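For reference, the structure discussed in these notes is given below.
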Amino acid sequence: MIRVERAIESIDGVARVHIDRWGDGAHHLHWFFYARPAGMPQLKGLFMPSWLDSLPPLPDEVAQAIEAHVAAALG
């Protein structure tokens with residue numbers, strides 16, 4: 001988790017990474033990593049899990065570049 005958090009925090013414009021886990025009593029769980037954009041402190045706290053619905057979507061090429069950056073940082 002720390003490696004993933006640091007990889008995400010190394011992205012330009014990311015102020016902080018928040019981590020949630022959900023299990024709901026099932027035989028597995030899900031980890032969620034939320035990158036809070038710099039300069040958007042209003043997205044802190046309990047609002048974090050739902051802020052993705054409030055922001056405009058990233059262009060595909062930007063999302064792919066971020067994914068490649070995180071993959072390289074973890075590699």
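Just so we're on the same page: first chain in the structure tokens is A, next is B, and so on; residues restart at 1 for each chain, and ligands are numbered from 1 in the order they show up.
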Discussion item. At a cut-off of 6 Å, using only C-alpha atoms, what residues contact Ala38 (chain A)? Leave out same-chain residues fewer than 4 positions from it and give the result as a list in words.
Written reply: Gly13, Val14 and Ala15 of chain A
Discussion item. Taking 5 positions as the minimum chain separation for residues in the same chain, which residues sit within 12 Å of Ile66 (chain A) when counting only C-alpha atoms? Answer as a PyMOL selection string.
Written reply: chain A and resi 7-14+35+58-61+71-73
Practice prompt. Pick out the residues sitting within 9 Å of region 2-4 of chain A, and hand them over as a list in words; count only C-alpha atoms, and ignore anything fewer than 6 positions along from it in its own chain.
Written response: Phe33, Val70, Ala73 and Leu74 of chain A
So that I have them on file, write out the residues from the current selection with all heavy atoms, as a PDB file, in the first residue's frame.
ATOM      1  N   PHE A  33      -7.626   3.828  -3.846  1.00  0.00           N
ATOM      2  CA  PHE A  33      -6.643   4.893  -3.660  1.00  0.00           C
ATOM      3  C   PHE A  33      -7.198   6.136  -4.353  1.00  0.00           C
ATOM      4  O   PHE A  33      -7.427   6.135  -5.556  1.00  0.00           O
ATOM      5  CB  PHE A  33      -5.299   4.501  -4.274  1.00  0.00           C
ATOM      6  CG  PHE A  33      -4.647   3.337  -3.575  1.00  0.00           C
ATOM      7  CD1 PHE A  33      -4.989   2.043  -3.896  1.00  0.00           C
ATOM      8  CD2 PHE A  33      -3.692   3.559  -2.595  1.00  0.00           C
ATOM      9  CE1 PHE A  33      -4.406   0.960  -3.257  1.00  0.00           C
ATOM     10  CE2 PHE A  33      -3.104   2.488  -1.949  1.00  0.00           C
ATOM     11  CZ  PHE A  33      -3.457   1.190  -2.275  1.00  0.00           C
ATOM     12  N   VAL A  70       2.389   5.488 -12.855  1.00  0.00           N
ATOM     13  CA  VAL A  70       2.254   4.684 -11.643  1.00  0.00           C
ATOM     14  C   VAL A  70       2.850   3.287 -11.867  1.00  0.00           C
ATOM     15  O   VAL A  70       3.578   2.769 -11.008  1.00  0.00           O
ATOM     16  CB  VAL A  70       0.778   4.597 -11.186  1.00  0.00           C
ATOM     17  CG1 VAL A  70       0.598   3.599 -10.058  1.00  0.00           C
ATOM     18  CG2 VAL A  70       0.296   5.981 -10.742  1.00  0.00           C
ATOM     19  N   ALA A  73       6.571   3.575 -11.723  1.00  0.00           N
ATOM     20  CA  ALA A  73       7.023   3.813 -10.352  1.00  0.00           C
ATOM     21  C   ALA A  73       6.982   2.541  -9.518  1.00  0.00           C
ATOM     22  O   ALA A  73       7.791   2.341  -8.615  1.00  0.00           O
ATOM     23  CB  ALA A  73       6.178   4.896  -9.697  1.00  0.00           C
ATOM     24  N   LEU A  74       6.038   1.654  -9.818  1.00  0.00           N
ATOM     25  CA  LEU A  74       5.927   0.393  -9.085  1.00  0.00           C
ATOM     26  C   LEU A  74       6.861  -0.686  -9.642  1.00  0.00           C
ATOM     27  O   LEU A  74       7.178  -1.647  -8.947  1.00  0.00           O
ATOM     28  CB  LEU A  74       4.490  -0.125  -9.120  1.00  0.00           C
ATOM     29  CG  LEU A  74       3.480   0.698  -8.332  1.00  0.00           C
ATOM     30  CD1 LEU A  74       2.068   0.212  -8.602  1.00  0.00           C
ATOM     31  CD2 LEU A  74       3.807   0.642  -6.854  1.00  0.00           C
TER      32      LEU A  74
END
